[in-house]
file my_file_7.txt (compact mmCIF, C-alpha atoms and all ligand atoms)
# COMPACT_ATOMS: atom_id res chain seq x y z
CA MET A 1 72.97 80.87 126.93
CA CYS A 2 74.32 82.47 130.07
CA ASP A 3 71.10 83.61 131.75
CA ASP A 4 70.69 81.81 135.08
CA LYS A 5 73.55 79.51 134.15
CA CYS A 6 77.08 80.94 134.01
CA ALA A 7 78.84 81.77 137.25
CA ASP A 8 79.28 85.38 136.28
CA TYR A 9 75.55 85.71 135.67
CA LEU A 10 74.62 84.02 138.96
CA TYR A 11 77.01 86.02 141.12
CA GLN A 12 77.30 89.38 139.37
CA VAL A 13 74.28 90.03 137.20
CA LYS A 14 71.74 88.63 139.65
CA LYS A 15 73.20 90.73 142.45
CA GLY A 16 72.82 93.72 140.18
CA SER A 17 76.48 94.71 140.21
CA THR A 18 76.74 94.60 136.40
CA PRO A 19 74.07 94.58 133.68
CA PHE A 20 75.64 91.70 131.76
CA CYS A 21 77.98 88.78 132.30
CA LYS A 22 81.51 88.85 131.00
CA HIS A 23 80.59 86.61 128.08
CA TYR A 24 78.31 89.28 126.66
CA ALA A 25 81.20 91.51 125.58
CA ALA A 26 83.03 88.52 124.11
CA ALA A 27 79.94 87.48 122.14
CA ILE A 28 79.43 91.01 120.80
CA ALA A 29 83.13 91.22 119.85
CA GLN A 30 82.82 87.93 117.96
CA LEU A 31 79.71 89.15 116.11
CA ILE A 32 81.46 92.38 115.12
CA TYR A 33 84.49 90.38 114.03
CA GLU A 34 82.29 88.17 111.87
CA LYS A 35 80.58 91.30 110.52
CA GLU A 36 77.21 89.96 111.71
CA ILE A 37 76.63 93.31 113.41
CA SER A 38 78.15 96.72 112.77
CA PRO A 39 79.57 98.96 115.49
CA LYS A 40 77.22 101.59 114.05
CA ASP A 41 74.14 99.54 115.04
CA LYS A 42 72.65 100.27 118.41
CA ILE A 43 74.03 97.61 120.73
CA ASN A 44 72.72 97.34 124.29
CA TYR A 45 75.28 98.52 126.87
CA MET A 46 77.94 99.00 124.20
CA GLU A 47 78.65 102.62 123.42
CA GLY A 48 81.24 105.37 123.87
CA GLN A 49 84.45 104.34 125.58
CA VAL A 50 83.24 100.76 126.17
CA LEU A 51 82.49 100.24 122.49
CA GLU A 52 85.80 101.77 121.47
CA GLU A 53 87.79 99.48 123.71
CA LEU A 54 85.87 96.52 122.37
CA LEU A 55 86.62 97.61 118.79
CA GLU A 56 90.28 97.89 119.71
CA VAL A 57 90.20 94.23 120.81
CA VAL A 58 88.53 93.23 117.54
CA ASN A 59 91.03 95.25 115.50
CA GLN A 60 93.94 93.74 117.41
CA ARG A 61 92.70 90.28 116.52
CA LYS A 62 92.37 91.29 112.88
CA ARG A 63 95.90 92.68 112.94
CA ASP A 64 97.20 89.49 114.56
CA GLU A 65 95.57 87.50 111.82
CA GLY A 66 97.01 89.79 109.20
CA GLU A 67 93.67 91.16 108.12
CA GLU A 68 93.21 94.72 106.92
CA ILE A 69 91.66 96.77 109.72
CA THR A 70 88.62 98.85 108.96
CA HIS A 71 89.48 102.30 107.68
CA ARG A 72 89.72 105.22 110.03
CA ASP A 73 86.45 106.78 111.07
CA ILE A 74 87.44 110.23 109.83
CA GLU A 75 83.89 111.57 109.53
CA GLY A 76 82.92 110.30 112.99
CA ASP A 77 85.95 111.80 114.68
CA LEU A 78 85.52 115.10 112.91
CA GLU A 79 81.91 115.30 114.04
CA LYS A 80 82.90 114.54 117.63
CA LEU A 81 85.46 117.32 117.55
CA ASN A 82 83.12 119.85 116.01
CA THR A 83 80.29 119.19 118.46
CA ASP A 84 82.09 118.51 121.75
CA PHE A 85 85.74 119.60 121.66
CA LEU A 86 85.28 123.10 123.05
CA ASP A 87 82.66 122.02 125.61
CA ILE A 88 84.98 119.32 126.89
CA ALA A 89 87.92 121.75 126.98
CA ARG A 90 85.78 123.96 129.21
CA GLN A 91 85.23 121.03 131.56
CA ASN A 92 81.61 120.27 130.69
CA ARG A 93 81.23 117.25 132.98
CA THR A 94 77.73 116.39 131.80
CA VAL A 95 78.79 115.97 128.17
CA ALA A 96 81.95 114.12 129.22
CA ARG A 97 80.11 111.66 131.45
CA GLN A 98 77.05 111.10 129.29
CA LYS A 99 78.72 110.84 125.91
CA TYR A 100 82.19 109.59 126.77
CA HIS A 101 81.75 107.95 130.20
CA ASP A 102 84.85 109.64 131.58
CA GLU A 103 86.15 112.80 133.19
CA PRO A 104 86.50 115.85 130.91
CA GLU A 105 90.30 115.96 131.45
CA ASN A 106 90.68 112.43 130.02
CA VAL A 107 88.17 113.00 127.23
CA PHE A 108 89.98 116.21 126.30
CA GLU A 109 93.32 114.42 125.95
CA ASP A 110 91.65 111.79 123.83
CA LEU A 111 90.06 114.39 121.55
CA VAL A 112 93.36 116.27 121.15
CA ASN A 113 94.96 112.97 120.18
CA ARG A 114 92.23 112.32 117.61
CA ALA A 115 92.66 115.83 116.22
CA PHE A 116 96.34 115.16 115.52
CA LEU A 117 95.60 111.75 114.06
CA LEU A 118 93.24 113.53 111.67
CA LEU A 119 96.17 115.80 110.79
CA ASP A 120 98.12 112.63 109.89
CA PHE A 121 100.60 112.77 112.74
CA ASP A 122 101.72 109.63 114.50
CA THR A 123 101.02 110.00 118.21
CA ILE A 124 101.92 108.42 121.53
CA PRO A 125 99.26 109.30 124.10
CA GLN A 126 100.05 108.67 127.75
CA ARG A 127 97.05 108.14 129.96
CA SER A 128 98.78 108.23 133.33
CA GLY A 129 98.39 111.52 135.15
CA HIS A 130 102.14 111.93 135.42
CA GLY A 131 104.18 113.78 132.80
CA TRP A 132 103.41 114.83 129.27
CA ASP A 133 100.09 113.89 127.67
CA ILE A 134 100.96 113.17 124.03
CA ILE A 135 104.06 112.97 121.86
CA LEU A 136 103.49 113.92 118.23
CA ILE A 137 105.82 112.28 115.75
CA ALA A 138 106.51 114.09 112.48
CA GLY A 139 108.43 111.16 111.04
CA ARG A 140 107.84 111.98 107.40
CA ALA A 141 109.54 115.36 107.42
CA VAL A 142 112.88 115.56 105.61
CA HIS A 143 114.23 116.38 109.10
CA PRO A 144 111.87 114.56 111.50
CA TYR A 145 110.75 116.27 114.69
CA PHE A 146 108.86 115.47 117.90
CA ILE A 147 106.35 117.69 119.70
CA VAL A 148 105.60 117.32 123.42
CA VAL A 149 101.92 118.11 124.03
CA GLU A 150 100.31 119.11 127.29
CA CYS A 151 96.50 119.41 127.38
CA LYS A 152 94.79 121.81 129.77
CA THR A 153 91.06 122.11 130.35
CA ALA A 154 89.77 125.35 131.87
CA ALA A 155 86.29 125.76 133.33
CA GLU A 156 86.43 129.54 132.94
CA GLY A 157 87.43 129.18 129.28
CA THR A 158 90.96 130.59 129.59
CA TYR A 159 93.97 128.72 130.88
CA SER A 160 95.98 131.16 132.96
CA TYR A 161 97.65 129.00 135.62
CA LEU A 162 101.07 129.42 133.98
CA VAL A 163 100.75 133.21 134.20
CA LYS A 164 99.88 133.10 137.89
CA LYS A 165 102.44 130.46 138.75
CA GLN A 166 105.57 130.85 136.66
CA ASP A 167 107.27 128.02 138.56
CA TYR A 168 105.03 125.70 136.61
CA LEU A 169 107.41 126.32 133.72
CA PHE A 170 109.87 124.02 135.51
CA THR A 171 107.30 121.22 135.59
CA LEU A 172 106.92 121.63 131.84
CA LYS A 173 110.69 121.65 131.53
CA ASN A 174 110.72 118.35 133.40
CA TYR A 175 108.18 116.90 130.91
CA CYS A 176 110.29 117.92 127.92
CA ILE A 177 113.74 117.13 129.25
CA ASP A 178 113.76 114.51 132.04
CA LEU A 179 110.66 112.62 130.94
CA PHE A 180 111.36 112.79 127.22
CA LYS A 181 114.52 114.14 125.63
CA ASP A 182 116.90 112.60 128.19
CA LYS A 183 115.43 109.16 127.45
CA LEU A 184 116.20 109.41 123.75
CA ILE A 185 119.49 108.32 122.27
CA GLY A 186 121.59 109.33 119.29
CA THR A 187 120.10 111.50 116.57
CA TYR A 188 116.63 111.14 118.11
CA LYS A 189 117.63 113.65 120.78
CA GLY A 190 117.93 116.27 118.06
CA TYR A 191 114.36 115.60 116.91
CA ALA A 192 112.88 116.76 120.24
CA LYS A 193 112.27 120.42 119.49
CA TYR A 194 108.82 121.70 120.28
CA MET A 195 106.34 121.93 123.12
CA LEU A 196 102.68 122.69 122.59
CA LEU A 197 100.19 123.66 125.28
CA ILE A 198 96.58 123.14 124.24
CA ALA A 199 93.63 124.73 126.08
CA PRO A 200 90.30 126.41 125.24
CA ASP A 201 92.06 129.79 125.19
CA PHE A 202 95.04 131.67 126.68
CA PRO A 203 95.62 135.17 128.10
CA GLY A 204 98.05 137.35 126.13
CA GLU A 205 100.54 137.65 129.02
CA ILE A 206 101.31 133.94 128.76
CA GLU A 207 103.49 134.62 125.71
CA GLU A 208 106.18 136.07 127.97
CA CYS A 209 107.00 132.52 129.11
CA CYS A 210 108.20 131.39 125.69
CA LYS A 211 111.60 133.03 125.65
CA ARG A 212 112.39 131.89 129.18
CA PHE A 213 111.31 128.36 128.31
CA LYS A 214 113.59 128.32 125.28
CA ASP A 215 116.47 129.52 127.48
CA ILE A 216 116.04 126.78 130.07
CA THR A 217 115.11 123.89 127.75
CA GLY A 218 116.04 124.68 124.16
CA PHE A 219 112.43 123.79 123.25
CA GLN A 220 110.21 126.20 121.33
CA LEU A 221 106.99 126.60 123.31
CA SER A 222 103.73 127.67 121.65
CA PHE A 223 100.11 127.88 122.77
CA LEU A 224 97.33 126.40 120.68
CA PRO A 225 93.73 127.40 121.50
CA VAL A 226 91.13 124.71 120.76
CA PRO A 227 89.19 126.80 118.16
CA VAL A 228 92.41 127.27 116.18
CA LEU A 229 93.19 123.55 116.31
CA LEU A 230 89.60 122.85 115.21
CA LYS A 231 89.96 125.21 112.28
CA LEU A 232 93.23 123.59 111.27
CA VAL A 233 91.72 120.09 111.39
CA ASN A 234 88.58 121.04 109.43
CA ARG A 235 90.57 122.94 106.84
CA TYR A 236 93.02 120.05 106.47
CA ARG A 237 90.33 117.38 106.09
CA LYS A 238 88.72 119.46 103.36
CA MET A 239 92.06 120.00 101.68
CA PRO A 240 94.82 117.65 102.89
CA ILE A 241 97.73 119.49 101.31
CA LEU A 242 100.00 119.84 104.35
CA ASN A 243 102.90 117.51 104.97
CA HIS A 244 105.16 117.32 108.01
CA ASP A 245 107.65 119.71 106.41
CA TRP A 246 105.18 122.37 105.43
CA ILE A 247 103.32 122.35 108.77
CA GLU A 248 106.48 122.63 110.88
CA SER A 249 106.54 126.44 110.96
CA PHE A 250 103.18 126.28 112.74
CA PHE A 251 104.96 124.93 115.82
CA GLN A 252 107.76 127.49 115.75
CA LYS A 253 105.61 130.49 116.64
CA GLU A 254 106.62 130.82 120.32
CA ARG A 255 103.38 132.67 121.05
CA ILE A 256 99.61 132.01 120.96
CA ILE A 257 98.88 130.49 117.55
CA ASN A 258 95.90 132.16 115.84
CA GLU A 259 93.51 131.58 112.96
CA LYS A 260 95.61 133.72 110.61
CA ASP A 261 98.48 131.28 111.13
CA VAL A 262 96.19 128.51 109.85
CA GLU A 263 95.45 130.50 106.68
CA GLU A 264 99.14 131.26 106.28
CA ILE A 265 100.18 127.61 106.55
CA PHE A 266 97.78 126.65 103.76
CA LYS A 267 98.91 129.54 101.57
CA GLU A 268 102.49 128.41 102.10
CA ALA A 269 101.54 124.83 101.14
CA GLU A 270 99.91 126.14 97.94
CA ARG A 271 103.08 128.06 97.14
CA GLN A 272 105.19 124.97 97.74
CA ILE A 273 102.97 122.85 95.48
CA ASP A 274 103.08 125.49 92.74
CA SER A 275 106.83 125.80 92.85
CA LEU A 276 107.31 122.03 92.96
CA SER A 277 105.04 121.44 89.98
CA GLU A 278 106.71 124.27 88.07
CA ARG A 279 110.11 122.70 88.67
CA LEU A 280 108.82 119.32 87.49
CA CYS A 281 107.14 120.75 84.38
CA THR A 282 110.30 122.61 83.41
CA ARG A 283 112.30 119.44 83.85
CA LEU A 284 109.87 117.46 81.68
CA ARG A 285 109.90 120.07 78.92
CA GLU A 286 113.70 120.33 78.91
CA ARG A 287 114.08 116.59 78.54
CA PHE A 288 111.51 116.39 75.78
CA SER A 289 113.03 119.19 73.74
CA GLN A 290 116.40 117.42 74.05
CA PHE A 291 115.08 114.11 72.82
CA SER A 292 112.43 115.02 70.30
CA GLN A 293 115.23 116.39 68.11
CA ILE A 294 116.72 112.98 67.61
CA SER A 295 113.41 111.25 67.01
CA GLY A 296 113.16 109.97 63.46
CA ASP A 297 109.52 109.89 62.64
CA ALA A 298 107.23 112.89 62.44
CA ALA A 299 104.13 111.27 63.95
CA PHE A 300 105.87 110.07 67.07
CA ILE A 301 108.09 111.40 69.74
CA LYS A 302 110.56 108.59 70.02
CA LEU A 303 112.09 108.03 73.43
CA ASP A 304 114.69 105.53 74.43
CA MET A 305 113.34 103.53 77.47
CA ASN A 306 116.54 104.36 79.31
CA VAL A 307 115.76 108.01 78.77
CA VAL A 308 112.21 107.48 80.04
CA SER A 309 113.41 105.91 83.26
CA SER A 310 116.05 108.59 83.73
CA VAL A 311 113.38 111.28 83.32
CA LEU A 312 111.24 109.47 85.86
CA GLU A 313 114.16 109.21 88.26
CA GLU A 314 114.92 112.90 87.91
CA ILE A 315 111.31 113.79 88.59
CA ILE A 316 111.20 111.54 91.64
CA SER A 317 114.41 112.92 93.08
CA GLU A 318 112.96 116.40 92.73
CA MET A 319 110.02 115.41 95.00
CA SER A 320 111.90 114.88 98.24
CA GLU A 321 108.94 116.06 100.35
CA LEU A 322 106.63 113.38 98.97
CA VAL A 323 108.87 110.48 98.13
CA ILE A 324 111.32 109.01 100.57
CA PRO A 325 114.14 107.01 98.98
CA GLU A 326 115.43 103.90 100.67
CA ARG A 327 118.22 101.50 99.83
CA LYS A 328 118.12 97.87 100.94
CA GLY A 329 121.17 95.93 99.88
CA ILE A 330 121.61 96.75 96.22
CA VAL A 331 117.96 97.56 95.55
CA ASP A 332 116.66 101.12 95.59
CA TYR A 333 113.14 101.69 96.81
CA ILE A 334 110.92 104.71 97.10
CA ASN A 335 108.29 105.20 99.78
CA ILE A 336 105.25 107.20 98.74
CA GLU A 337 103.22 108.90 101.44
CA HIS A 338 99.64 107.89 100.86
CA ASP A 339 98.30 110.65 103.11
CA CYS A 340 99.55 113.17 100.57
CA TYR A 341 97.11 112.09 97.87
CA GLU A 342 95.72 115.58 97.43
CA ILE A 343 99.20 117.02 96.83
CA TRP A 344 99.86 114.24 94.30
CA GLU A 345 96.63 114.96 92.54
CA ARG A 346 97.51 118.63 92.09
CA ILE A 347 101.05 117.97 90.97
CA LEU A 348 100.20 115.12 88.61
CA LYS A 349 97.40 117.17 87.07
CA LYS A 350 99.82 119.97 86.26
CA LEU A 351 102.45 117.55 85.04
CA GLY A 352 99.84 115.76 82.91
CA ARG A 353 98.68 119.03 81.41
CA GLU A 354 102.27 119.94 80.59
CA PHE A 355 102.79 116.57 78.90
CA VAL A 356 99.65 117.08 76.82
CA ASN A 357 100.82 120.58 75.88
CA ILE A 358 104.17 119.24 74.72
CA LEU A 359 102.39 116.69 72.52
CA LYS A 360 100.07 119.36 71.16
CA GLU A 361 102.88 121.74 70.30
CA THR A 362 104.83 119.00 68.56
CA SER A 363 101.69 117.91 66.75
CA PHE A 364 100.93 121.40 65.47
CA SER A 365 104.48 122.11 64.47
CA GLN A 366 105.14 118.87 62.66
CA VAL A 367 105.62 119.23 58.91
CA LYS A 368 107.64 116.12 58.14
CA ASN A 369 105.96 113.13 56.50
CA THR A 370 105.68 109.91 58.44
CA GLU A 371 108.04 107.07 57.58
CA LEU A 372 105.09 105.04 56.33
CA LYS A 373 104.06 107.80 53.93
CA GLU A 374 107.64 108.31 52.75
CA ASP A 375 107.90 104.60 51.94
CA LEU A 376 104.61 104.62 50.01
CA LEU A 377 105.63 107.74 48.09
CA LYS A 378 108.85 106.00 47.08
CA MET A 379 107.12 102.79 46.00
CA LEU A 380 104.49 104.67 44.01
CA ASN A 381 107.21 106.83 42.56
CA ILE A 382 105.43 110.06 43.42
CA LYS A 383 107.48 113.14 44.18
ZN ZN B 401 78.10 84.35 130.89
call {"tool": "encode", "arguments": {"input": "my_file_7.txt", "output": "structure tokens", "more": "lines below"}}
Ligand SMILES: [Zn+2]
result
Amino acid sequence: MCDDKCADYLYQVKKGSTPFCKHYAAAIAQLIYEKEISPKDKINYMEGQVLEELLEVVNQRKRDEGEEITHRDIEGDLEKLNTDFLDIARQNRTVARQKYHDEPENVFEDLVNRAFLLLDFDTIPQRSGHGWDIILIAGRAVHPYFIVVECKTAAEGTYSYLVKKQDYLFTLKNYCIDLFKDKLIGTYKGYAKYMLLIAPDFPGEIEECCKRFKDITGFQLSFLPVPVLLKLVNRYRKMPILNHDWIESFFQKERIINEKDVEEIFKEAERQIDSLSERLCTRLRERFSQFSQISGDAAFIKLDMNVVSSVLEEIISEMSELVIPERKGIVDYINIEHDCYEIWERILKKLGREFVNILKETSFSQVKNTELKEDLLKMLNIK
């Protein structure tokens, strides 16, 4: 409709300054919105950064209209990270320009942000060149915390500027304190605890900065090499059993974080899940043994509904890492973290098995007649 007609076509496209008039993007956005075409189709001139910004516009409209936005592209992001993350971190300009239409420094920040989204952190990326790059929000921890992230690409593969120029520590201090913590008020100030530097790799000497940084800022500084972050993300997507509480120790290392730390954090999560489910199973069994004694009939375990809800309440209050209680007026609510589905699955499986075991044991041990049988025996006068 626009060819040789709309002003934008006549003045911009014909002159060759852009390949399409401004209505093209709007038309494509409308078609994606109407689900006439999929962002996964090949669309002329719409790819990489351009396509993403267009999708953001479409999603914003859906949000404005209260529609559910399309689910996160977890697979796509994971693939991007696995193929390009390290190349981009090492300033591969060709990959950055051709695939992402931007400078490697910007693409790197974007990929780091995606990596933490895949780890189920809330993030605030800041695209301006000034100050910190990303704030990570661990809002679902029992004690929430914030992490200030600074991303560093390094063409030679190792980021060593901080070792050569220790004064740079004061710039980082500025990012954490003046440009972040000082702007927070009340209890939020106490949440600002960690700083993370992310680069393709770091020299060992860099670890000497951590203590000094803690002294001048109160922040715990750690270094996260890209391959370690990649391992963490891949491991987590395969087995999402970390929550904001259990992953916190990862950011308290005050040294270069390594692959062993990733293994350790998952082992710790397994231990936490085991001990939590053990506590819950014990609680369930205790309650059942208390109440099955007063149940009248042999074929059933009779439970008062008030008892059932009190058992449920006890179990829920035991799960403080997964369920966040909230009181509005006189009504009590619980908030369940949907990202923790894998943890729920494991715990509920164990709890379910325990419940079945309790039934089995009672079933095998029961010798009493049922009430129905007793009644019949009486009526038929059989002893
Ligand atoms: Zn046009």
call {"tool": "residues_near_ligand", "arguments": {"input": "my_file_7.txt", "ligand": "ligand ZN 401 (chain B)", "cutoff": "9 Å", "atoms": "all atoms listed in the file", "output": "PyMOL selection string"}}
result
chain A and resi 1-10+20-24
call {"tool": "closest_residue", "arguments": {"input": "my_file_7.txt", "among": "A:Asp182, A:Glu150, A:Asp215, A:Glu79", "to": "Met195 (chain A)", "atoms": "all atoms listed in the file"}}
result
A:Glu150
call {"tool": "closest_residue", "arguments": {"input": "my_file_7.txt", "among": "A:Leu162, A:Ile315, A:Ile198, A:Leu242", "to": "Val148 (chain A)", "atoms": "all atoms listed in the file"}}
result
A:Ile198
call {"tool": "atom_distance", "arguments": {"input": "my_file_7.txt", "atom1": "CA of Ser289 (chain A)", "atom2": "CA of Leu359 (chain A)"}}
result
11.0 Å
call {"tool": "closest_residue", "arguments": {"input": "my_file_7.txt", "among": "A:Glu278, A:Asp201, A:Glu207, A:Asp304", "to": "Arg353 (chain A)", "atoms": "all atoms listed in the file"}}
result
A:Glu278
call {"tool": "closest_residue", "arguments": {"input": "my_file_7.txt", "among": "A:Leu372, A:Ile316, A:Leu322, A:Leu224", "to": "Ile257 (chain A)", "atoms": "only C-alpha atoms"}}
result
A:Leu224
